[in-house]
file final01.txt (compact mmCIF, C-alpha atoms)
# COMPACT_ATOMS: atom_id res chain seq x y z
CA MET A 1 31.24 24.52 -14.87
CA GLU A 2 28.13 23.47 -16.79
CA PRO A 3 26.78 20.01 -15.89
CA TYR A 4 27.56 17.43 -18.56
CA SER A 5 24.68 16.94 -20.95
CA TYR A 6 23.79 13.34 -21.77
CA GLN A 7 21.95 12.29 -24.92
CA THR A 8 20.14 9.24 -23.58
CA ILE A 9 19.98 9.20 -19.81
CA ASP A 10 18.13 11.77 -17.74
CA LEU A 11 19.48 11.96 -14.22
CA SER A 12 16.66 14.08 -12.76
CA TYR A 13 14.95 11.17 -11.02
CA LEU A 14 18.20 9.86 -9.56
CA LYS A 15 19.04 13.40 -8.37
CA GLU A 16 15.57 13.74 -6.85
CA LEU A 17 16.13 10.53 -4.89
CA SER A 18 19.70 11.33 -3.91
CA MET A 19 18.95 14.86 -2.67
CA GLY A 20 22.57 15.76 -3.30
CA ASP A 21 24.08 12.56 -1.88
CA THR A 22 26.74 11.72 -4.48
CA GLY A 23 27.56 8.44 -2.76
CA TYR A 24 24.01 7.28 -3.34
CA GLU A 25 24.12 8.38 -6.99
CA LEU A 26 27.31 6.39 -7.53
CA GLU A 27 25.93 3.33 -5.78
CA MET A 28 22.76 3.33 -7.87
CA ALA A 29 24.64 4.08 -11.09
CA GLU A 30 26.89 1.09 -10.46
CA LYS A 31 23.86 -1.04 -9.74
CA PHE A 32 22.24 0.15 -12.97
CA VAL A 33 25.28 -0.85 -15.03
CA GLU A 34 25.41 -4.27 -13.41
CA LEU A 35 21.68 -5.00 -13.70
CA VAL A 36 21.09 -3.54 -17.15
CA SER A 37 23.98 -5.60 -18.53
CA ASP A 38 22.42 -8.82 -17.21
CA GLU A 39 18.95 -7.81 -18.31
CA MET A 40 20.09 -7.02 -21.85
CA ILE A 41 21.73 -10.44 -22.17
CA GLN A 42 18.58 -12.13 -20.89
CA LEU A 43 16.34 -10.08 -23.15
CA ALA A 44 18.31 -11.01 -26.25
CA ALA A 45 18.33 -14.65 -25.17
CA TYR A 46 14.57 -14.77 -24.65
CA LEU A 47 14.00 -13.20 -28.06
CA GLU A 48 16.40 -15.62 -29.68
CA GLY A 49 14.81 -18.60 -27.91
CA GLY A 50 11.26 -17.41 -28.64
CA ASP A 51 10.28 -17.47 -24.96
CA ILE A 52 7.70 -14.70 -25.23
CA GLU A 53 6.18 -15.03 -21.77
CA ALA A 54 9.59 -14.83 -20.08
CA LEU A 55 10.45 -11.90 -22.32
CA LYS A 56 7.28 -10.02 -21.31
CA ARG A 57 7.97 -10.67 -17.61
CA LEU A 58 11.52 -9.44 -18.01
CA VAL A 59 10.47 -6.27 -19.84
CA HIS A 60 8.03 -5.56 -17.01
CA LYS A 61 10.74 -6.13 -14.45
CA MET A 62 13.15 -3.92 -16.37
CA ARG A 63 10.89 -0.92 -15.86
CA SER A 64 12.57 -0.24 -12.50
CA THR A 65 16.02 -0.23 -14.12
CA ILE A 66 14.81 1.90 -17.02
CA TYR A 67 12.99 4.45 -14.86
CA LEU A 68 16.00 4.99 -12.62
CA MET A 69 17.93 6.56 -15.47
CA GLY A 70 15.00 8.51 -16.87
CA LEU A 71 14.59 6.29 -19.93
CA ARG A 72 10.82 6.04 -19.65
CA PRO A 73 9.97 8.62 -22.36
CA LYS A 74 12.29 6.86 -24.80
CA LEU A 75 11.08 3.34 -24.07
CA ILE A 76 7.50 3.41 -22.87
CA ILE A 77 6.07 2.72 -26.34
CA ALA A 78 8.26 -0.35 -26.79
CA ILE A 79 7.61 -1.57 -23.24
CA GLU A 80 3.86 -1.22 -23.48
CA ALA A 81 3.72 -2.76 -26.95
CA ILE A 82 5.61 -5.81 -25.68
CA GLU A 83 3.58 -6.10 -22.48
CA TYR A 84 0.10 -5.45 -23.85
CA GLU A 85 -0.01 -6.15 -27.57
CA LYS A 86 -0.02 -9.37 -29.48
CA LEU A 87 2.96 -8.71 -31.71
CA ALA A 88 4.19 -10.47 -34.79
CA ALA A 89 7.76 -11.76 -34.53
CA GLU A 90 9.10 -8.88 -36.55
CA GLN A 91 7.34 -6.24 -34.45
CA LEU A 92 8.53 -7.91 -31.28
CA LYS A 93 12.09 -7.87 -32.52
CA PHE A 94 11.73 -4.22 -33.47
CA HIS A 95 10.65 -3.22 -29.96
CA VAL A 96 13.21 -5.44 -28.21
CA ASP A 97 15.93 -3.93 -30.41
CA ALA A 98 14.73 -0.46 -29.44
CA ILE A 99 15.06 -1.36 -25.75
CA LEU A 100 18.47 -2.92 -26.29
CA THR A 101 19.75 0.08 -28.26
CA VAL A 102 18.61 2.63 -25.68
CA CYS A 103 19.86 0.53 -22.76
CA ARG A 104 23.23 0.04 -24.43
CA LYS A 105 23.63 3.80 -24.95
CA ALA A 106 22.38 4.45 -21.43
CA LYS A 107 24.94 2.04 -20.01
CA GLU A 108 27.74 3.85 -21.85
CA GLU A 109 26.56 7.19 -20.52
CA VAL A 110 26.18 5.91 -16.98
CA LEU A 111 29.74 4.62 -17.16
CA LEU A 112 30.77 8.10 -18.26
CA PHE A 113 28.79 9.59 -15.39
CA LEU A 114 30.58 7.25 -12.98
CA ASP A 115 33.90 8.29 -14.44
CA LYS A 116 33.16 11.98 -14.08
CA THR A 117 31.64 11.74 -10.61
CA ARG A 118 34.16 9.46 -8.85
CA MET B 1 -11.46 13.24 33.48
CA LEU B 2 -10.12 11.91 30.27
CA SER B 3 -6.88 13.13 28.87
CA PHE B 4 -5.43 12.27 25.53
CA ILE B 5 -2.17 13.35 23.98
CA CYS B 6 -1.57 12.57 20.38
CA ASP B 7 1.28 13.72 18.24
CA VAL B 8 0.50 11.79 15.11
CA ASN B 9 3.91 12.47 13.63
CA LEU B 10 5.72 10.62 16.38
CA ILE B 11 4.07 7.28 15.85
CA ILE B 12 6.59 4.90 14.33
CA MET B 13 5.36 2.41 11.76
CA ASN B 14 7.30 -0.78 11.12
CA CYS B 15 7.53 -1.37 7.38
CA LEU B 16 8.28 -4.16 4.94
CA ILE B 17 9.27 -3.50 1.35
CA VAL B 18 8.34 -6.20 -1.13
CA ASP B 19 9.61 -6.15 -4.71
CA ASP B 20 11.40 -8.69 -6.85
CA HIS B 21 13.65 -6.05 -8.42
CA GLU B 22 16.76 -4.86 -6.60
CA ILE B 23 16.59 -1.27 -7.88
CA ALA B 24 12.92 -1.01 -6.92
CA ARG B 25 13.74 -2.21 -3.39
CA ASP B 26 16.68 0.18 -3.11
CA THR B 27 14.54 3.09 -4.32
CA LEU B 28 11.94 2.39 -1.66
CA ILE B 29 14.61 1.99 1.01
CA ARG B 30 15.89 5.42 0.00
CA LEU B 31 12.41 6.94 0.09
CA LEU B 32 11.74 5.42 3.50
CA LYS B 33 14.63 7.43 4.89
CA ILE B 34 12.81 10.68 4.09
CA ASP B 35 10.22 9.98 6.77
CA THR B 36 11.70 9.28 10.19
CA SER B 37 8.45 7.77 11.39
CA LEU B 38 9.01 4.77 9.13
CA LYS B 39 11.19 1.95 10.40
CA LEU B 40 12.35 -0.59 7.86
CA ILE B 41 12.09 -4.15 9.14
CA ALA B 42 13.18 -5.84 5.91
CA ALA B 43 13.22 -5.55 2.14
CA CYS B 44 11.76 -8.77 0.77
CA GLU B 45 12.12 -10.29 -2.66
CA ASN B 46 9.13 -12.61 -2.61
CA ALA B 47 6.08 -13.76 -0.68
CA ALA B 48 7.99 -16.40 1.31
CA GLU B 49 10.21 -13.71 2.80
CA VAL B 50 7.14 -11.65 3.63
CA TYR B 51 5.51 -14.51 5.54
CA LYS B 52 8.74 -15.11 7.43
CA ASN B 53 9.02 -11.47 8.46
CA LEU B 54 5.36 -11.15 9.37
CA ALA B 55 5.75 -14.14 11.66
CA ALA B 56 8.85 -12.73 13.31
CA HIS B 57 8.02 -9.01 13.61
CA LYS B 58 5.19 -6.63 14.26
CA VAL B 59 4.70 -5.04 10.84
CA ASP B 60 2.40 -2.05 10.40
CA LEU B 61 2.84 -1.18 6.74
CA LEU B 62 3.72 -3.08 3.56
CA PHE B 63 5.03 -1.43 0.41
CA LEU B 64 4.06 -4.13 -1.99
CA ASP B 65 4.78 -4.71 -5.66
CA ILE B 66 2.00 -6.41 -7.58
CA GLU B 67 3.66 -8.31 -10.41
CA MET B 68 6.07 -10.73 -8.82
CA PRO B 69 6.96 -14.26 -9.80
CA GLY B 70 5.08 -16.93 -7.87
CA VAL B 71 2.61 -15.24 -5.56
CA SER B 72 1.52 -11.81 -6.84
CA GLY B 73 1.05 -8.84 -4.53
CA ILE B 74 -2.72 -9.11 -4.86
CA GLU B 75 -2.73 -12.83 -4.05
CA LEU B 76 -0.45 -12.16 -1.12
CA VAL B 77 -2.82 -9.56 0.35
CA LYS B 78 -5.82 -11.84 -0.13
CA GLY B 79 -4.00 -14.56 1.78
CA LEU B 80 -3.03 -12.40 4.74
CA GLY B 81 -6.51 -12.27 6.25
CA GLU B 82 -8.05 -9.74 8.58
CA LYS B 83 -5.07 -8.95 10.79
CA ARG B 84 -2.85 -7.83 7.99
CA PRO B 85 -0.71 -4.69 8.02
CA LEU B 86 -1.70 -1.60 6.05
CA ILE B 87 -0.86 -1.94 2.38
CA ILE B 88 0.51 0.51 -0.15
CA PHE B 89 0.71 -1.07 -3.57
CA VAL B 90 3.69 0.01 -5.64
CA THR B 91 3.56 -1.03 -9.26
CA SER B 92 4.56 -0.12 -12.78
CA LYS B 93 1.09 -0.70 -14.20
CA LYS B 94 -2.17 1.08 -13.50
CA ASP B 95 -4.12 -1.97 -14.66
CA TYR B 96 -4.52 -3.33 -11.17
CA ALA B 97 -5.81 -0.15 -9.51
CA LEU B 98 -9.46 -1.19 -9.28
CA GLU B 99 -8.71 -4.67 -8.00
CA ALA B 100 -6.22 -3.23 -5.54
CA PHE B 101 -8.61 -0.68 -4.08
CA ASP B 102 -11.22 -3.41 -3.70
CA LEU B 103 -8.82 -4.90 -1.18
CA ASN B 104 -9.08 -1.73 0.92
CA VAL B 105 -5.46 -0.81 0.57
CA VAL B 106 -4.24 2.57 1.77
CA ASP B 107 -2.86 3.70 -1.58
CA PHE B 108 -1.75 2.59 -5.02
CA ILE B 109 1.32 4.30 -6.44
CA THR B 110 2.93 3.83 -9.80
CA LYS B 111 6.64 3.77 -10.53
CA PRO B 112 8.75 5.81 -10.83
CA ILE B 113 7.81 6.98 -7.34
CA THR B 114 8.67 10.59 -6.60
CA PRO B 115 9.40 11.64 -3.02
CA ASP B 116 6.26 13.82 -3.05
CA ARG B 117 4.00 11.00 -4.11
CA PHE B 118 5.65 8.66 -1.64
CA LEU B 119 5.06 11.07 1.25
CA LYS B 120 1.46 11.56 0.23
CA ALA B 121 0.91 7.80 0.43
CA VAL B 122 2.73 7.59 3.76
CA ASN B 123 0.60 10.40 5.20
CA LYS B 124 -2.50 8.48 4.20
CA ALA B 125 -1.08 5.41 5.93
CA HIS B 126 -0.40 7.46 9.05
CA GLU B 127 -3.95 8.70 9.12
CA VAL B 128 -5.40 5.23 8.83
CA TYR B 129 -2.89 3.80 11.32
CA ASN B 130 -3.45 6.53 13.90
CA LEU B 131 -7.16 6.31 13.54
CA SER B 132 -7.07 2.58 14.09
CA ASN B 133 -4.76 2.90 17.08
CA LEU B 134 -6.77 5.70 18.56
CA PHE B 135 -9.82 3.57 18.57
CA MET B 136 -8.09 0.47 19.77
CA GLY B 137 -6.04 2.17 22.43
CA ASN B 138 -8.87 3.58 24.51
CA SER B 139 -11.08 1.21 26.36
CA TYR B 140 -13.08 3.95 27.98
CA ASP B 141 -16.70 3.49 28.83
CA GLU B 142 -17.77 6.98 27.92
CA PHE B 143 -15.73 8.21 24.99
CA VAL B 144 -13.78 7.12 22.01
CA PHE B 145 -11.46 9.17 19.85
CA ILE B 146 -11.53 8.94 16.12
CA ARG B 147 -9.85 10.80 13.31
CA ASP B 148 -12.31 12.54 11.05
CA ALA B 149 -11.00 14.44 7.99
CA GLY B 150 -7.66 15.08 9.65
CA VAL B 151 -9.18 16.14 12.99
CA ILE B 152 -9.20 13.95 16.06
CA ARG B 153 -12.72 13.99 17.44
CA ARG B 154 -14.14 12.67 20.65
CA ILE B 155 -17.42 10.90 20.28
CA LYS B 156 -19.63 9.71 23.09
CA MET B 157 -20.27 5.99 23.31
CA GLU B 158 -23.90 6.76 24.08
CA ASP B 159 -24.23 8.53 20.72
CA ILE B 160 -23.19 5.43 18.78
CA ASN B 161 -26.12 3.47 17.40
CA TYR B 162 -24.24 0.55 15.92
CA PHE B 163 -21.07 -0.68 14.21
CA GLU B 164 -20.96 -2.41 10.87
CA ALA B 165 -17.94 -4.32 9.50
CA GLN B 166 -17.14 -3.64 5.86
CA GLY B 167 -13.94 -5.15 4.56
CA ASP B 168 -11.04 -3.81 6.56
CA TYR B 169 -13.10 -0.98 7.94
CA VAL B 170 -15.76 -0.64 10.57
CA LYS B 171 -18.46 1.96 10.06
CA ILE B 172 -19.78 3.75 13.13
CA TYR B 173 -23.39 4.84 12.76
CA MET B 174 -24.72 7.71 14.85
CA ASP B 175 -28.02 9.57 14.50
CA GLU B 176 -26.77 12.09 11.97
CA LYS B 177 -23.18 11.07 11.38
CA LEU B 178 -21.24 8.18 9.98
CA HIS B 179 -17.56 7.47 10.62
CA ALA B 180 -15.25 4.70 9.41
CA VAL B 181 -12.23 3.30 11.20
CA HIS B 182 -9.62 0.90 9.89
CA SER B 183 -10.08 -2.04 12.22
CA SER B 184 -11.82 -5.35 12.62
CA LEU B 185 -15.17 -5.65 14.34
CA LYS B 186 -13.69 -8.21 16.73
CA SER B 187 -10.98 -5.80 17.88
CA ILE B 188 -13.51 -3.07 18.45
CA GLU B 189 -15.84 -5.43 20.28
CA ASN B 190 -13.06 -6.22 22.74
CA LYS B 191 -12.78 -2.53 23.62
CA LEU B 192 -16.45 -1.75 24.01
CA PRO B 193 -18.22 -1.55 27.35
CA VAL B 194 -20.10 -4.87 27.56
CA LYS B 195 -22.98 -3.37 29.45
CA SER B 196 -23.96 -1.21 26.48
CA PHE B 197 -22.99 -3.08 23.31
CA VAL B 198 -23.90 -6.49 22.00
CA ARG B 199 -22.91 -8.43 18.91
CA VAL B 200 -26.03 -9.33 16.90
CA HIS B 201 -24.48 -10.52 13.66
CA ARG B 202 -21.09 -11.42 12.20
CA SER B 203 -20.96 -7.87 10.82
CA PHE B 204 -22.90 -5.86 13.40
CA ILE B 205 -22.59 -4.71 17.01
CA VAL B 206 -25.39 -2.57 18.38
CA ASN B 207 -25.84 -0.21 21.30
CA ILE B 208 -28.59 -1.91 23.33
CA GLY B 209 -29.89 1.44 24.54
CA LYS B 210 -30.47 2.55 20.97
CA ILE B 211 -32.70 -0.32 19.85
CA ASP B 212 -36.13 1.12 19.02
CA SER B 213 -37.82 -2.14 18.11
CA VAL B 214 -37.27 -5.74 17.10
CA GLU B 215 -39.16 -7.28 14.22
CA GLY B 216 -38.30 -10.93 13.79
CA ASN B 217 -34.64 -11.08 12.93
CA THR B 218 -34.32 -7.34 12.35
CA LEU B 219 -33.53 -4.55 14.77
CA ILE B 220 -34.57 -0.98 14.12
CA LEU B 221 -32.24 1.71 15.43
CA HIS B 222 -32.93 5.29 14.49
CA LYS B 223 -34.86 4.31 11.34
CA ARG B 224 -32.15 1.90 10.21
CA PHE B 225 -32.44 -1.85 9.93
CA VAL B 226 -29.84 -4.18 11.41
CA PRO B 227 -30.02 -7.95 10.87
CA VAL B 228 -29.82 -10.37 13.80
CA SER B 229 -28.36 -13.75 13.01
CA ASP B 230 -29.60 -16.91 14.72
CA ALA B 231 -26.19 -17.43 16.28
CA TYR B 232 -26.51 -14.23 18.32
CA LYS B 233 -30.27 -14.13 18.89
CA ALA B 234 -30.26 -15.89 22.25
CA SER B 235 -27.57 -13.67 23.74
CA LEU B 236 -29.37 -10.58 22.45
CA ASN B 237 -32.67 -11.66 24.02
CA LYS B 238 -30.88 -12.30 27.30
CA ARG B 239 -29.34 -8.82 27.25
CA MET B 240 -32.55 -7.02 26.28
CA GLN B 241 -34.39 -7.97 29.49
CA ILE B 242 -37.76 -8.27 27.79
CA LEU B 243 -40.61 -7.81 30.31
call {"tool": "encode", "arguments": {"input": "final01.txt", "output": "structure tokens"}}
result
Amino acid sequence: MEPYSYQTIDLSYLKELSMGDTGYELEMAEKFVELVSDEMIQLAAYLEGGDIEALKRLVHKMRSTIYLMGLRPKLIIAIEAIEYEKLAAEQLKFHVDAILTVCRKAKEEVLLFLDKTR
Amino acid sequence: MLSFICDVNLIIMNCLIVDDHEIARDTLIRLLKIDTSLKLIAACENAAEVYKNLAAHKVDLLFLDIEMPGVSGIELVKGLGEKRPLIIFVTSKKDYALEAFDLNVVDFITKPITPDRFLKAVNKAHEVYNLSNLFMGNSYDEFVFIRDAGVIRRIKMEDINYFEAQGDYVKIYMDEKLHAVHSSLKSIENKLPVKSFVRVHRSFIVNIGKIDSVEGNTLILHKRFVPVSDAYKASLNKRMQIL
């Protein structure tokens, strides 16, 4: 059977870490779903409240969550723009939305992965 | 007859993981399991937990995130002083590389950390750790063992001209060679034969038998100049037995 092909997540890094240990993959996938859900809520709240410094810190912190599911290539431009550039409100919203969109899709796919693997 | 057995791969290093993100900590915990010579003492979320663990355990190696709320990884290292464990910085940004290496850390790795890159950093840590232990563990009057480019070498005490402290390392000057060991000058001083070596400065210990001449507050040893500070001048004069 061909491995399921995901559109957003890339499981290579998780597989490299797990070295075939499915239990570990499930544990980390569950953790991803839990953490990314909280982080998305926080991210939207910081944007809404205009707390830019907290937003930047959160985006930096989210790198670990994002990298776990191989989302770096899709999000590195948005992450670095938020962390390093002085963005106008509209640009900031654009990049935060990009992160939220990718993370939302990634969460759905990780849930699917959990479903298929359990 | 001296004998020395060293299987560098069997030396266990006690480790602390420090990162404010749960997934980052879990990833490092996973990577630590690849190398059986690494023993996890604790995975810490912040500097306070690090201090607590350092006070309670012998820790040899820290895997340390840089950007953390409160005390950053760099501030934490600066505050640990001379007797700190070896440090491997683990961060998402390359921005801090220069500042980090100025702190004489073993390595600086960026996330996401692959098992290969992790092992490379750990091997570097082993080399520094073994080298330091080799030097510290042998209080012989005649020889000392050091690791030089992956090879353990025996050097004769009588061939050493002087030691110079530089950051977390001590440089060993010989006539034609120079070695560096990860240690403090104080620790090395405690292991040296007192009849041959004398502290002449906060950063220098010299082999008395290698002093060619003294000019004021400067010693000349094999065409190199070593400063003598006032604090150590009297004890040096006493040891030199000037006729």
call {"tool": "closest_atom_pairs", "arguments": {"input": "final01.txt", "of": "chain A", "to": "chain B", "cutoff": "7 Å", "atoms": "only C-alpha atoms", "output": "Markdown table"}}
result
| residue | atom | partner | partner_atom | distance |
| --- | --- | --- | --- | --- |
| A:Lys61 | CA | B:His21 | CA | 6.7 |
| A:Ser64 | CA | B:Ala24 | CA | 5.6 |
| A:Thr65 | CA | B:Ile23 | CA | 6.4 |
| A:Tyr67 | CA | B:Pro112 | CA | 6.0 |
call {"tool": "closest_residue", "arguments": {"input": "final01.txt", "among": "B:Ala180, B:Leu80, B:Met174, B:Leu38", "to": "Leu221 of chain B", "atoms": "only C-alpha atoms"}}
result
B:Met174
call {"tool": "atom_distance", "arguments": {"input": "final01.txt", "atom1": "atom CA of Arg57 of chain A", "atom2": "atom CA of Leu14 of chain A"}}
result
24.3 Å
call {"tool": "residues_around", "arguments": {"input": "final01.txt", "residues": "Thr101 of chain A", "least_positions_apart": "2", "cutoff": "12 Å", "atoms": "all atoms listed in the file", "output": "list in words"}}
result
Thr8, Val36, Met40, Leu43, Ala44, Leu71, Lys74, Leu75, Ala78, Lys93, Phe94, His95, Val96, Asp97, Ala98, Ile99, Cys103, Arg104, Lys105, Ala106, Lys107 and Glu108 of chain A
call {"tool": "atom_distance", "arguments": {"input": "final01.txt", "atom1": "atom CA of Lys124 of chain B", "atom2": "atom CA of Glu49 of chain B"}}
result
25.6 Å
call {"tool": "closest_residue", "arguments": {"input": "final01.txt", "among": "A:Ile9, A:Leu114, A:Leu68, A:Ile77", "to": "Leu35 of chain A", "atoms": "all atoms listed in the file"}}
result
A:Leu68
call {"tool": "residues_near_point", "arguments": {"input": "final01.txt", "point": "(2.5, -10.2, -4.5)", "cutoff": "8 Å", "atoms": "only C-alpha atoms", "output": "ChimeraX atom specification"}}
result
/B:18,46-47,64-68,70-77
call {"tool": "atom_distance", "arguments": {"input": "final01.txt", "atom1": "atom CA of Leu47 of chain A", "atom2": "atom CA of Val90 of chain B"}}
result
28.0 Å
call {"tool": "closest_residue", "arguments": {"input": "final01.txt", "among": "A:Tyr4, A:Tyr13, A:Phe32, A:Tyr46", "to": "Leu111 of chain A", "atoms": "only C-alpha atoms"}}
result
A:Phe32
call {"tool": "closest_residue", "arguments": {"input": "final01.txt", "among": "B:His222, B:Lys120, B:His57, B:Lys195", "to": "Tyr162 of chain B", "atoms": "only C-alpha atoms"}}
result
B:His222
call {"tool": "axis_aligned_box", "arguments": {"input": "final01.txt", "around": "segment 4-13 of chain A", "padding_each_side": "8 Å", "output": "AutoDock Vina command-line options"}}
result
--center_x 21.3 --center_y 13.3 --center_z -18.0 --size_x 28.6 --size_y 24.2 --size_z 29.9
call {"tool": "residues_near_point", "arguments": {"input": "final01.txt", "point": "(-17.5, -4.6, 12.3)", "cutoff": "9 Å", "atoms": "only C-alpha atoms", "output": "ChimeraX atom specification"}}
result
/B:163-172,183-189,202-205
call {"tool": "closest_residue", "arguments": {"input": "final01.txt", "among": "B:Ser196, B:Val106, B:Gln241, B:Ala55", "to": "Asn123 of chain B", "atoms": "only C-alpha atoms"}}
result
B:Val106
call {"tool": "closest_residue", "arguments": {"input": "final01.txt", "among": "B:Phe118, B:Leu61, B:Lys210, B:Asp175", "to": "Lys33 of chain B", "atoms": "all atoms listed in the file"}}
result
B:Phe118
